[in-house]
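Pasted below: run_36.pdb, PDB, N, CA and C atoms.
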```
ATOM      1  N   MET W 229       8.413 -12.839  14.358
ATOM      2  CA  MET W 229       7.265 -12.353  13.621
ATOM      3  C   MET W 229       7.258 -10.827  13.579
ATOM      4  N   ARG W 230       7.656 -10.226  14.695
ATOM      5  CA  ARG W 230       7.717  -8.764  14.765
ATOM      6  C   ARG W 230       8.689  -8.220  13.715
ATOM      7  N   THR W 231       9.820  -8.899  13.536
ATOM      8  CA  THR W 231      10.814  -8.455  12.558
ATOM      9  C   THR W 231      10.274  -8.569  11.135
ATOM     10  N   ALA W 232       9.519  -9.617  10.859
ATOM     11  CA  ALA W 232       8.951  -9.790   9.515
ATOM     12  C   ALA W 232       7.952  -8.684   9.205
ATOM     13  N   PHE W 233       7.087  -8.337  10.164
ATOM     14  CA  PHE W 233       6.121  -7.267   9.944
ATOM     15  C   PHE W 233       6.811  -5.912   9.803
ATOM     16  N   PHE W 234       7.835  -5.690  10.612
ATOM     17  CA  PHE W 234       8.596  -4.445  10.510
ATOM     18  C   PHE W 234       9.267  -4.347   9.144
ATOM     19  N   SER W 235       9.845  -5.453   8.683
ATOM     20  CA  SER W 235      10.500  -5.475   7.366
ATOM     21  C   SER W 235       9.491  -5.243   6.247
ATOM     22  N   LEU W 236       8.317  -5.847   6.360
ATOM     23  CA  LEU W 236       7.266  -5.619   5.365
ATOM     24  C   LEU W 236       6.848  -4.151   5.350
ATOM     25  N   GLY W 237       6.774  -3.539   6.529
ATOM     26  CA  GLY W 237       6.457  -2.114   6.606
ATOM     27  C   GLY W 237       7.506  -1.262   5.920
ATOM     28  N   VAL W 238       8.763  -1.610   6.119
ATOM     29  CA  VAL W 238       9.854  -0.873   5.471
ATOM     30  C   VAL W 238       9.765  -1.024   3.953
ATOM     31  N   ILE W 239       9.508  -2.236   3.493
ATOM     32  CA  ILE W 239       9.385  -2.478   2.047
ATOM     33  C   ILE W 239       8.234  -1.673   1.466
ATOM     34  N   LEU W 240       7.096  -1.662   2.163
ATOM     35  CA  LEU W 240       5.950  -0.885   1.679
ATOM     36  C   LEU W 240       6.272   0.607   1.633
ATOM     37  N   LEU W 241       6.999   1.102   2.626
ATOM     38  CA  LEU W 241       7.369   2.517   2.610
ATOM     39  C   LEU W 241       8.363   2.842   1.497
ATOM     40  N   VAL W 242       9.270   1.922   1.208
ATOM     41  CA  VAL W 242      10.195   2.137   0.090
ATOM     42  C   VAL W 242       9.427   2.175  -1.230
ATOM     43  N   LEU W 243       8.478   1.258  -1.388
ATOM     44  CA  LEU W 243       7.641   1.263  -2.595
ATOM     45  C   LEU W 243       6.796   2.532  -2.676
ATOM     46  N   ALA W 244       6.283   2.987  -1.525
ATOM     47  CA  ALA W 244       5.511   4.228  -1.496
ATOM     48  C   ALA W 244       6.391   5.411  -1.907
ATOM     49  N   GLY W 245       7.628   5.414  -1.450
ATOM     50  CA  GLY W 245       8.552   6.472  -1.847
ATOM     51  C   GLY W 245       8.824   6.458  -3.346
ATOM     52  N   GLY W 246       8.970   5.255  -3.894
ATOM     53  CA  GLY W 246       9.183   5.141  -5.341
ATOM     54  C   GLY W 246       7.992   5.632  -6.143
ATOM     55  N   THR W 247       6.796   5.290  -5.691
ATOM     56  CA  THR W 247       5.609   5.761  -6.409
ATOM     57  C   THR W 247       5.407   7.259  -6.209
ATOM     58  N   ALA W 248       5.819   7.796  -5.053
ATOM     59  CA  ALA W 248       5.733   9.242  -4.846
ATOM     60  C   ALA W 248       6.684   9.980  -5.790
ATOM     61  N   VAL W 249       7.872   9.438  -5.972
ATOM     62  CA  VAL W 249       8.819  10.037  -6.918
ATOM     63  C   VAL W 249       8.248   9.976  -8.334
ATOM     64  N   ALA W 250       7.657   8.841  -8.701
ATOM     65  CA  ALA W 250       7.037   8.727 -10.026
ATOM     66  C   ALA W 250       5.893   9.728 -10.172
ATOM     67  N   GLN W 251       5.148   9.940  -9.094
ATOM     68  CA  GLN W 251       4.057  10.912  -9.125
ATOM     69  C   GLN W 251       4.592  12.328  -9.317
ATOM     70  N   ILE W 252       5.669  12.653  -8.630
ATOM     71  CA  ILE W 252       6.279  13.985  -8.778
ATOM     72  C   ILE W 252       6.795  14.185 -10.193
ATOM     73  N   LEU W 253       7.453  13.164 -10.740
ATOM     74  CA  LEU W 253       7.939  13.266 -12.119
ATOM     75  C   LEU W 253       6.789  13.389 -13.111
ATOM     76  N   SER W 254       5.672  12.723 -12.814
ATOM     77  CA  SER W 254       4.495  12.836 -13.668
ATOM     78  C   SER W 254       3.933  14.255 -13.640
ATOM     79  N   VAL W 255       3.905  14.854 -12.479
ATOM     80  CA  VAL W 255       3.423  16.238 -12.367
ATOM     81  C   VAL W 255       4.350  17.188 -13.126
ATOM     82  N   ILE W 256       5.648  16.950 -13.033
ATOM     83  CA  ILE W 256       6.603  17.817 -13.726
ATOM     84  C   ILE W 256       6.438  17.698 -15.237
ATOM     85  N   THR W 257       6.277  16.474 -15.741
ATOM     86  CA  THR W 257       6.183  16.306 -17.197
ATOM     87  C   THR W 257       4.818  16.703 -17.748
ATOM     88  N   LEU W 258       3.749  16.388 -17.012
ATOM     89  CA  LEU W 258       2.415  16.727 -17.501
ATOM     90  C   LEU W 258       2.038  18.175 -17.221
ATOM     91  N   GLY W 259       2.532  18.703 -16.131
ATOM     92  CA  GLY W 259       2.186  20.063 -15.759
ATOM     93  C   GLY W 259       0.968  20.145 -14.860
ATOM     94  N   TYR W 260       0.351  19.027 -14.555
ATOM     95  CA  TYR W 260      -0.803  18.995 -13.654
ATOM     96  C   TYR W 260      -0.800  17.663 -12.904
ATOM     97  N   PHE W 261      -1.586  17.634 -11.829
ATOM     98  CA  PHE W 261      -1.619  16.452 -10.971
ATOM     99  C   PHE W 261      -2.676  15.467 -11.466
ATOM    100  N   GLU W 262      -2.225  14.301 -11.837
ATOM    101  CA  GLU W 262      -3.119  13.190 -12.163
ATOM    102  C   GLU W 262      -2.614  11.993 -11.372
ATOM    103  N   PRO W 263      -3.385  11.571 -10.345
ATOM    104  CA  PRO W 263      -2.873  10.512  -9.466
ATOM    105  C   PRO W 263      -2.582   9.214 -10.203
ATOM    106  N   ILE W 264      -1.494   8.579  -9.811
ATOM    107  CA  ILE W 264      -1.160   7.257 -10.327
ATOM    108  C   ILE W 264      -1.798   6.255  -9.368
ATOM    109  N   ALA W 265      -2.822   5.572  -9.844
ATOM    110  CA  ALA W 265      -3.584   4.648  -9.003
ATOM    111  C   ALA W 265      -2.858   3.310  -8.876
ATOM    112  N   ILE W 266      -3.036   2.674  -7.731
ATOM    113  CA  ILE W 266      -2.433   1.357  -7.501
ATOM    114  C   ILE W 266      -3.012   0.339  -8.483
ATOM    115  N   GLY W 267      -4.283   0.499  -8.835
ATOM    116  CA  GLY W 267      -4.915  -0.404  -9.805
ATOM    117  C   GLY W 267      -4.307  -0.276 -11.196
ATOM    118  N   SER W 268      -3.936   0.938 -11.581
ATOM    119  CA  SER W 268      -3.323   1.107 -12.907
ATOM    120  C   SER W 268      -1.921   0.498 -12.936
ATOM    121  N   ILE W 269      -1.216   0.562 -11.809
ATOM    122  CA  ILE W 269       0.097  -0.087 -11.740
ATOM    123  C   ILE W 269      -0.078  -1.595 -11.848
ATOM    124  N   TRP W 270      -1.045  -2.139 -11.101
ATOM    125  CA  TRP W 270      -1.318  -3.579 -11.155
ATOM    126  C   TRP W 270      -1.701  -3.987 -12.574
ATOM    127  N   TYR W 271      -2.582  -3.197 -13.218
ATOM    128  CA  TYR W 271      -3.011  -3.527 -14.574
ATOM    129  C   TYR W 271      -1.836  -3.475 -15.556
ATOM    130  N   SER W 272      -0.933  -2.527 -15.375
ATOM    131  CA  SER W 272       0.242  -2.434 -16.251
ATOM    132  C   SER W 272       1.160  -3.635 -16.091
ATOM    133  N   LEU W 273       1.283  -4.126 -14.838
ATOM    134  CA  LEU W 273       2.148  -5.279 -14.599
ATOM    135  C   LEU W 273       1.534  -6.571 -15.115
ATOM    136  N   ASP W 274       0.245  -6.802 -14.809
ATOM    137  CA  ASP W 274      -0.427  -8.027 -15.242
ATOM    138  C   ASP W 274      -1.937  -7.817 -15.181
ATOM    139  N   GLY W 275      -2.499  -7.347 -16.285
ATOM    140  CA  GLY W 275      -3.922  -7.039 -16.348
ATOM    141  C   GLY W 275      -4.819  -8.240 -16.149
ATOM    142  N   ASN W 276      -4.378  -9.413 -16.622
ATOM    143  CA  ASN W 276      -5.206 -10.608 -16.480
ATOM    144  C   ASN W 276      -5.381 -11.018 -15.024
ATOM    145  N   SER W 277      -4.353 -10.821 -14.216
ATOM    146  CA  SER W 277      -4.487 -11.195 -12.805
ATOM    147  C   SER W 277      -5.451 -10.260 -12.082
ATOM    148  N   LEU W 278      -5.509  -9.000 -12.491
ATOM    149  CA  LEU W 278      -6.464  -8.072 -11.891
ATOM    150  C   LEU W 278      -7.894  -8.467 -12.231
ATOM    151  N   VAL W 279      -8.122  -8.836 -13.472
ATOM    152  CA  VAL W 279      -9.445  -9.295 -13.891
ATOM    153  C   VAL W 279      -9.798 -10.603 -13.187
ATOM    154  N   GLY W 280      -8.828 -11.494 -13.054
ATOM    155  CA  GLY W 280      -9.058 -12.747 -12.337
ATOM    156  C   GLY W 280      -9.347 -12.518 -10.870
ATOM    157  N   PHE W 281      -8.657 -11.552 -10.254
ATOM    158  CA  PHE W 281      -8.911 -11.219  -8.860
ATOM    159  C   PHE W 281     -10.327 -10.701  -8.682
ATOM    160  N   GLN W 282     -10.770  -9.869  -9.610
ATOM    161  CA  GLN W 282     -12.148  -9.362  -9.542
ATOM    162  C   GLN W 282     -13.139 -10.508  -9.645
ATOM    163  N   ALA W 283     -12.889 -11.451 -10.547
ATOM    164  CA  ALA W 283     -13.793 -12.597 -10.701
ATOM    165  C   ALA W 283     -13.831 -13.448  -9.436
ATOM    166  N   ILE W 284     -12.679 -13.662  -8.821
ATOM    167  CA  ILE W 284     -12.636 -14.453  -7.584
ATOM    168  C   ILE W 284     -13.416 -13.758  -6.478
ATOM    169  N   VAL W 285     -13.224 -12.444  -6.342
ATOM    170  CA  VAL W 285     -13.923 -11.709  -5.283
ATOM    171  C   VAL W 285     -15.426 -11.758  -5.515
ATOM    172  N   GLU W 286     -15.850 -11.513  -6.740
ATOM    173  CA  GLU W 286     -17.284 -11.440  -7.021
ATOM    174  C   GLU W 286     -17.964 -12.802  -6.973
ATOM    175  N   LYS W 287     -17.302 -13.853  -7.429
ATOM    176  CA  LYS W 287     -17.954 -15.166  -7.494
ATOM    177  C   LYS W 287     -17.736 -16.003  -6.247
ATOM    178  N   SER W 288     -16.539 -15.966  -5.678
ATOM    179  CA  SER W 288     -16.241 -16.829  -4.544
ATOM    180  C   SER W 288     -16.584 -16.196  -3.202
ATOM    181  N   LEU W 289     -16.354 -14.907  -3.064
ATOM    182  CA  LEU W 289     -16.591 -14.252  -1.777
ATOM    183  C   LEU W 289     -17.978 -13.613  -1.751
ATOM    184  N   ALA W 290     -18.082 -12.416  -2.295
ATOM    185  CA  ALA W 290     -19.371 -11.717  -2.352
ATOM    186  C   ALA W 290     -19.255 -10.577  -3.359
ATOM    187  N   PRO W 291     -20.252 -10.425  -4.211
ATOM    188  CA  PRO W 291     -20.198  -9.329  -5.185
ATOM    189  C   PRO W 291     -20.156  -7.948  -4.528
ATOM    190  N   SER W 292     -20.701  -7.839  -3.329
ATOM    191  CA  SER W 292     -20.726  -6.541  -2.660
ATOM    192  C   SER W 292     -19.347  -6.124  -2.136
ATOM    193  N   LEU W 293     -18.380  -7.043  -2.132
ATOM    194  CA  LEU W 293     -17.026  -6.692  -1.690
ATOM    195  C   LEU W 293     -16.222  -5.964  -2.760
ATOM    196  N   TRP W 294     -16.602  -6.115  -4.024
ATOM    197  CA  TRP W 294     -15.789  -5.530  -5.080
ATOM    198  C   TRP W 294     -15.786  -3.996  -5.086
ATOM    199  N   PRO W 295     -16.910  -3.305  -4.896
ATOM    200  CA  PRO W 295     -16.846  -1.831  -4.927
ATOM    201  C   PRO W 295     -15.866  -1.210  -3.925
ATOM    202  N   PRO W 296     -15.789  -1.670  -2.659
ATOM    203  CA  PRO W 296     -14.761  -1.083  -1.784
ATOM    204  C   PRO W 296     -13.336  -1.399  -2.244
ATOM    205  N   ILE W 297     -13.132  -2.590  -2.775
ATOM    206  CA  ILE W 297     -11.805  -2.952  -3.281
ATOM    207  C   ILE W 297     -11.471  -2.090  -4.493
ATOM    208  N   ALA W 298     -12.443  -1.868  -5.377
ATOM    209  CA  ALA W 298     -12.221  -1.019  -6.551
ATOM    210  C   ALA W 298     -11.920   0.419  -6.131
ATOM    211  N   TYR W 299     -12.550   0.875  -5.051
ATOM    212  CA  TYR W 299     -12.270   2.218  -4.538
ATOM    213  C   TYR W 299     -10.812   2.332  -4.095
ATOM    214  N   VAL W 300     -10.324   1.328  -3.397
ATOM    215  CA  VAL W 300      -8.925   1.330  -2.954
ATOM    216  C   VAL W 300      -7.990   1.259  -4.156
ATOM    217  N   LEU W 301      -8.351   0.475  -5.168
ATOM    218  CA  LEU W 301      -7.511   0.353  -6.359
ATOM    219  C   LEU W 301      -7.437   1.662  -7.150
ATOM    220  N   GLN W 302      -8.415   2.553  -6.964
ATOM    221  CA  GLN W 302      -8.400   3.842  -7.655
ATOM    222  C   GLN W 302      -7.680   4.929  -6.863
ATOM    223  N   ALA W 303      -7.299   4.620  -5.633
ATOM    224  CA  ALA W 303      -6.610   5.593  -4.782
ATOM    225  C   ALA W 303      -5.157   5.744  -5.248
ATOM    226  N   PRO W 304      -4.545   6.888  -4.930
ATOM    227  CA  PRO W 304      -3.133   7.077  -5.293
ATOM    228  C   PRO W 304      -2.243   5.999  -4.675
ATOM    229  N   ALA W 305      -1.333   5.506  -5.467
ATOM    230  CA  ALA W 305      -0.502   4.371  -5.066
ATOM    231  C   ALA W 305       0.348   4.683  -3.841
ATOM    232  N   PHE W 306       0.877   5.898  -3.752
ATOM    233  CA  PHE W 306       1.747   6.191  -2.613
ATOM    234  C   PHE W 306       0.973   6.154  -1.299
ATOM    235  N   LEU W 307      -0.313   6.506  -1.310
ATOM    236  CA  LEU W 307      -1.116   6.427  -0.086
ATOM    237  C   LEU W 307      -1.462   4.988   0.272
ATOM    238  N   VAL W 308      -1.816   4.202  -0.736
ATOM    239  CA  VAL W 308      -2.199   2.804  -0.494
ATOM    240  C   VAL W 308      -1.009   2.012   0.044
ATOM    241  N   LEU W 309       0.184   2.378  -0.335
ATOM    242  CA  LEU W 309       1.372   1.685   0.151
ATOM    243  C   LEU W 309       1.905   2.279   1.449
ATOM    244  N   ALA W 310       1.816   3.594   1.617
ATOM    245  CA  ALA W 310       2.405   4.245   2.781
ATOM    246  C   ALA W 310       1.610   4.008   4.059
ATOM    247  N   ILE W 311       0.291   4.028   3.979
ATOM    248  CA  ILE W 311      -0.517   3.892   5.191
ATOM    249  C   ILE W 311      -0.309   2.540   5.864
ATOM    250  N   PRO W 312      -0.451   1.400   5.144
ATOM    251  CA  PRO W 312      -0.176   0.135   5.824
ATOM    252  C   PRO W 312       1.291  -0.017   6.217
ATOM    253  N   GLY W 313       2.201   0.570   5.431
ATOM    254  CA  GLY W 313       3.615   0.504   5.782
ATOM    255  C   GLY W 313       3.908   1.205   7.098
ATOM    256  N   LEU W 314       3.326   2.386   7.279
ATOM    257  CA  LEU W 314       3.513   3.108   8.538
ATOM    258  C   LEU W 314       2.894   2.360   9.716
ATOM    259  N   ILE W 315       1.707   1.818   9.506
ATOM    260  CA  ILE W 315       1.037   1.074  10.579
ATOM    261  C   ILE W 315       1.870  -0.138  10.975
ATOM    262  N   LEU W 316       2.353  -0.890   9.991
ATOM    263  CA  LEU W 316       3.176  -2.058  10.306
ATOM    264  C   LEU W 316       4.455  -1.672  11.033
ATOM    265  N   MET W 317       5.087  -0.599  10.597
ATOM    266  CA  MET W 317       6.325  -0.191  11.250
ATOM    267  C   MET W 317       6.083   0.266  12.681
ATOM    268  N   LEU W 318       5.001   0.971  12.918
ATOM    269  CA  LEU W 318       4.716   1.443  14.267
ATOM    270  C   LEU W 318       4.315   0.317  15.202
ATOM    271  N   VAL W 319       3.509  -0.608  14.697
ATOM    272  CA  VAL W 319       3.037  -1.709  15.538
ATOM    273  C   VAL W 319       4.157  -2.705  15.815
ATOM    274  N   ALA W 320       5.004  -2.952  14.836
ATOM    275  CA  ALA W 320       6.025  -4.001  14.962
ATOM    276  C   ALA W 320       7.423  -3.447  15.168
ATOM    277  N   ARG W 321       7.536  -2.197  15.592
ATOM    278  CA  ARG W 321       8.876  -1.630  15.774
ATOM    279  C   ARG W 321       9.646  -2.418  16.830
ATOM    280  N   PRO W 322      10.946  -2.519  16.635
ATOM    281  CA  PRO W 322      11.755  -3.284  17.584
ATOM    282  C   PRO W 322      11.718  -2.652  18.975
ATOM    283  N   ARG W 323      11.723  -3.486  19.954
ATOM    284  CA  ARG W 323      11.752  -3.006  21.329
ATOM    285  C   ARG W 323      13.162  -2.551  21.656
ATOM    286  N   SER W 324      13.238  -1.483  22.436
ATOM    287  CA  SER W 324      14.574  -0.989  22.806
ATOM    288  C   SER W 324      15.168  -1.889  23.867
ATOM    289  N   ARG W 325      16.426  -2.198  23.709
ATOM    290  CA  ARG W 325      17.116  -3.088  24.641
ATOM    291  C   ARG W 325      18.227  -2.348  25.384
ATOM    292  N   GLY W 326      18.367  -1.067  25.133
ATOM    293  CA  GLY W 326      19.449  -0.313  25.757
ATOM    294  C   GLY W 326      19.121   0.053  27.192
ATOM    295  N   ALA W 327      19.984   0.883  27.743
ATOM    296  CA  ALA W 327      19.791   1.332  29.117
ATOM    297  C   ALA W 327      18.730   2.409  29.113
ATOM    298  N   GLY W 328      17.502   2.025  29.273
ATOM    299  CA  GLY W 328      16.384   2.957  29.237
ATOM    300  C   GLY W 328      16.076   3.514  30.602
ATOM    301  N   PHE W 329      15.007   4.222  30.689
ATOM    302  CA  PHE W 329      14.558   4.849  31.921
ATOM    303  C   PHE W 329      14.055   3.775  32.875
ATOM    304  N   VAL W 330      14.542   3.788  34.074
ATOM    305  CA  VAL W 330      14.112   2.820  35.079
ATOM    306  C   VAL W 330      13.374   3.575  36.171
ATOM    307  N   SER W 331      12.116   3.250  36.360
ATOM    308  CA  SER W 331      11.338   3.933  37.404
ATOM    309  C   SER W 331      11.506   3.222  38.738
ATOM    310  N   ARG W 332      11.479   3.996  39.816
ATOM    311  CA  ARG W 332      11.637   3.414  41.145
ATOM    312  C   ARG W 332      10.431   3.655  41.967
TER     313      ARG W 332
END
```
Mind turning this structure into structure tokens?
Amino acid sequence: MRTAFFSLGVILLVLAGGTAVAQILSVITLGYFEPIAIGSIWYSLDGNSLVGFQAIVEKSLAPSLWPPIAYVLQAPAFLVLAIPGLILMLVARPRSRGAGFVSR
């Protein structure tokens, strides 16, 4: 399980790196910083699933849950991907098996 979480963290960090590169290229072409939101990426990939997700959250769970989720969806994509990726990698990092420090 530790390996799966570590691998997921690595994947999230790779995706965060890709979105950071896209953000840098966007700044170079536009000439100013306009964050690329994770929600806009989701909407570009499949807008209907984003609308369906909102409906599920509001009708099945609680309508008051949608504003915090919408806030996260408006955050820059590289942050939304990098923060959980770093946390997963730190929490699930492989244990060292080498000749480590032995206290007496």
So that I can check the secondary structure, give me every residue of range 231-323 of chain W assigned alpha helix (DSSP H) by backbone DSSP, as a ChimeraX atom specification. /W:231-258,266-284,294-301,305-319
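Non-sequential neighbours of range 232-246 of chain W (distance at most 12 Å, separation of 4 or more positions within a chain, only C-alpha atoms) are Ala250, Gln251, Ile252, Leu253, Ile264, Ala265, Ile266, Ile269, Pro304, Ala305, Phe306, Leu307, Val308, Leu309, Ala310, Ile311, Pro312, Gly313, Leu314, Ile315, Leu316, Met317, Leu318, Val319, Ala320, Arg321, Pro322 and Arg323 of chain W.
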How would the residues just picked look written out with N, CA and C atoms as a PDB file, in the coordinates of the input?
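Final file, out25.pdb:
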```pdb
ATOM      1  N   ALA W 250       7.657   8.841  -8.701  1.00  0.00           N
ATOM      2  CA  ALA W 250       7.037   8.727 -10.026  1.00  0.00           C
ATOM      3  C   ALA W 250       5.893   9.728 -10.172  1.00  0.00           C
ATOM      4  N   GLN W 251       5.148   9.940  -9.094  1.00  0.00           N
ATOM      5  CA  GLN W 251       4.057  10.912  -9.125  1.00  0.00           C
ATOM      6  C   GLN W 251       4.592  12.328  -9.317  1.00  0.00           C
ATOM      7  N   ILE W 252       5.669  12.653  -8.630  1.00  0.00           N
ATOM      8  CA  ILE W 252       6.279  13.985  -8.778  1.00  0.00           C
ATOM      9  C   ILE W 252       6.795  14.185 -10.193  1.00  0.00           C
ATOM     10  N   LEU W 253       7.453  13.164 -10.740  1.00  0.00           N
ATOM     11  CA  LEU W 253       7.939  13.266 -12.119  1.00  0.00           C
ATOM     12  C   LEU W 253       6.789  13.389 -13.111  1.00  0.00           C
ATOM     13  N   ILE W 264      -1.494   8.579  -9.811  1.00  0.00           N
ATOM     14  CA  ILE W 264      -1.160   7.257 -10.327  1.00  0.00           C
ATOM     15  C   ILE W 264      -1.798   6.255  -9.368  1.00  0.00           C
ATOM     16  N   ALA W 265      -2.822   5.572  -9.844  1.00  0.00           N
ATOM     17  CA  ALA W 265      -3.584   4.648  -9.003  1.00  0.00           C
ATOM     18  C   ALA W 265      -2.858   3.310  -8.876  1.00  0.00           C
ATOM     19  N   ILE W 266      -3.036   2.674  -7.731  1.00  0.00           N
ATOM     20  CA  ILE W 266      -2.433   1.357  -7.501  1.00  0.00           C
ATOM     21  C   ILE W 266      -3.012   0.339  -8.483  1.00  0.00           C
ATOM     22  N   ILE W 269      -1.216   0.562 -11.809  1.00  0.00           N
ATOM     23  CA  ILE W 269       0.097  -0.087 -11.740  1.00  0.00           C
ATOM     24  C   ILE W 269      -0.078  -1.595 -11.848  1.00  0.00           C
ATOM     25  N   PRO W 304      -4.545   6.888  -4.930  1.00  0.00           N
ATOM     26  CA  PRO W 304      -3.133   7.077  -5.293  1.00  0.00           C
ATOM     27  C   PRO W 304      -2.243   5.999  -4.675  1.00  0.00           C
ATOM     28  N   ALA W 305      -1.333   5.506  -5.467  1.00  0.00           N
ATOM     29  CA  ALA W 305      -0.502   4.371  -5.066  1.00  0.00           C
ATOM     30  C   ALA W 305       0.348   4.683  -3.841  1.00  0.00           C
ATOM     31  N   PHE W 306       0.877   5.898  -3.752  1.00  0.00           N
ATOM     32  CA  PHE W 306       1.747   6.191  -2.613  1.00  0.00           C
ATOM     33  C   PHE W 306       0.973   6.154  -1.299  1.00  0.00           C
ATOM     34  N   LEU W 307      -0.313   6.506  -1.310  1.00  0.00           N
ATOM     35  CA  LEU W 307      -1.116   6.427  -0.086  1.00  0.00           C
ATOM     36  C   LEU W 307      -1.462   4.988   0.272  1.00  0.00           C
ATOM     37  N   VAL W 308      -1.816   4.202  -0.736  1.00  0.00           N
ATOM     38  CA  VAL W 308      -2.199   2.804  -0.494  1.00  0.00           C
ATOM     39  C   VAL W 308      -1.009   2.012   0.044  1.00  0.00           C
ATOM     40  N   LEU W 309       0.184   2.378  -0.335  1.00  0.00           N
ATOM     41  CA  LEU W 309       1.372   1.685   0.151  1.00  0.00           C
ATOM     42  C   LEU W 309       1.905   2.279   1.449  1.00  0.00           C
ATOM     43  N   ALA W 310       1.816   3.594   1.617  1.00  0.00           N
ATOM     44  CA  ALA W 310       2.405   4.245   2.781  1.00  0.00           C
ATOM     45  C   ALA W 310       1.610   4.008   4.059  1.00  0.00           C
ATOM     46  N   ILE W 311       0.291   4.028   3.979  1.00  0.00           N
ATOM     47  CA  ILE W 311      -0.517   3.892   5.191  1.00  0.00           C
ATOM     48  C   ILE W 311      -0.309   2.540   5.864  1.00  0.00           C
ATOM     49  N   PRO W 312      -0.451   1.400   5.144  1.00  0.00           N
ATOM     50  CA  PRO W 312      -0.176   0.135   5.824  1.00  0.00           C
ATOM     51  C   PRO W 312       1.291  -0.017   6.217  1.00  0.00           C
ATOM     52  N   GLY W 313       2.201   0.570   5.431  1.00  0.00           N
ATOM     53  CA  GLY W 313       3.615   0.504   5.782  1.00  0.00           C
ATOM     54  C   GLY W 313       3.908   1.205   7.098  1.00  0.00           C
ATOM     55  N   LEU W 314       3.326   2.386   7.279  1.00  0.00           N
ATOM     56  CA  LEU W 314       3.513   3.108   8.538  1.00  0.00           C
ATOM     57  C   LEU W 314       2.894   2.360   9.716  1.00  0.00           C
ATOM     58  N   ILE W 315       1.707   1.818   9.506  1.00  0.00           N
ATOM     59  CA  ILE W 315       1.037   1.074  10.579  1.00  0.00           C
ATOM     60  C   ILE W 315       1.870  -0.138  10.975  1.00  0.00           C
ATOM     61  N   LEU W 316       2.353  -0.890   9.991  1.00  0.00           N
ATOM     62  CA  LEU W 316       3.176  -2.058  10.306  1.00  0.00           C
ATOM     63  C   LEU W 316       4.455  -1.672  11.033  1.00  0.00           C
ATOM     64  N   MET W 317       5.087  -0.599  10.597  1.00  0.00           N
ATOM     65  CA  MET W 317       6.325  -0.191  11.250  1.00  0.00           C
ATOM     66  C   MET W 317       6.083   0.266  12.681  1.00  0.00           C
ATOM     67  N   LEU W 318       5.001   0.971  12.918  1.00  0.00           N
ATOM     68  CA  LEU W 318       4.716   1.443  14.267  1.00  0.00           C
ATOM     69  C   LEU W 318       4.315   0.317  15.202  1.00  0.00           C
ATOM     70  N   VAL W 319       3.509  -0.608  14.697  1.00  0.00           N
ATOM     71  CA  VAL W 319       3.037  -1.709  15.538  1.00  0.00           C
ATOM     72  C   VAL W 319       4.157  -2.705  15.815  1.00  0.00           C
ATOM     73  N   ALA W 320       5.004  -2.952  14.836  1.00  0.00           N
ATOM     74  CA  ALA W 320       6.025  -4.001  14.962  1.00  0.00           C
ATOM     75  C   ALA W 320       7.423  -3.447  15.168  1.00  0.00           C
ATOM     76  N   ARG W 321       7.536  -2.197  15.592  1.00  0.00           N
ATOM     77  CA  ARG W 321       8.876  -1.630  15.774  1.00  0.00           C
ATOM     78  C   ARG W 321       9.646  -2.418  16.830  1.00  0.00           C
ATOM     79  N   PRO W 322      10.946  -2.519  16.635  1.00  0.00           N
ATOM     80  CA  PRO W 322      11.755  -3.284  17.584  1.00  0.00           C
ATOM     81  C   PRO W 322      11.718  -2.652  18.975  1.00  0.00           C
ATOM     82  N   ARG W 323      11.723  -3.486  19.954  1.00  0.00           N
ATOM     83  CA  ARG W 323      11.752  -3.006  21.329  1.00  0.00           C
ATOM     84  C   ARG W 323      13.162  -2.551  21.656  1.00  0.00           C
TER      85      ARG W 323
END
```
Expressed in Å, the length from atom N of Ile297 in chain W to CA of Pro263 in chain W is 17.9 Å
What gap, in Å, lies between atom C of Thr231 in chain W and atom N of Thr247 in chain W? 22.1 Å
At what distance in Å, to one decimal, does atom C of Val279 in chain W lie from atom N of Pro295 in chain W?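 Rounded to one decimal, the two atoms are 13.1 Å apart.
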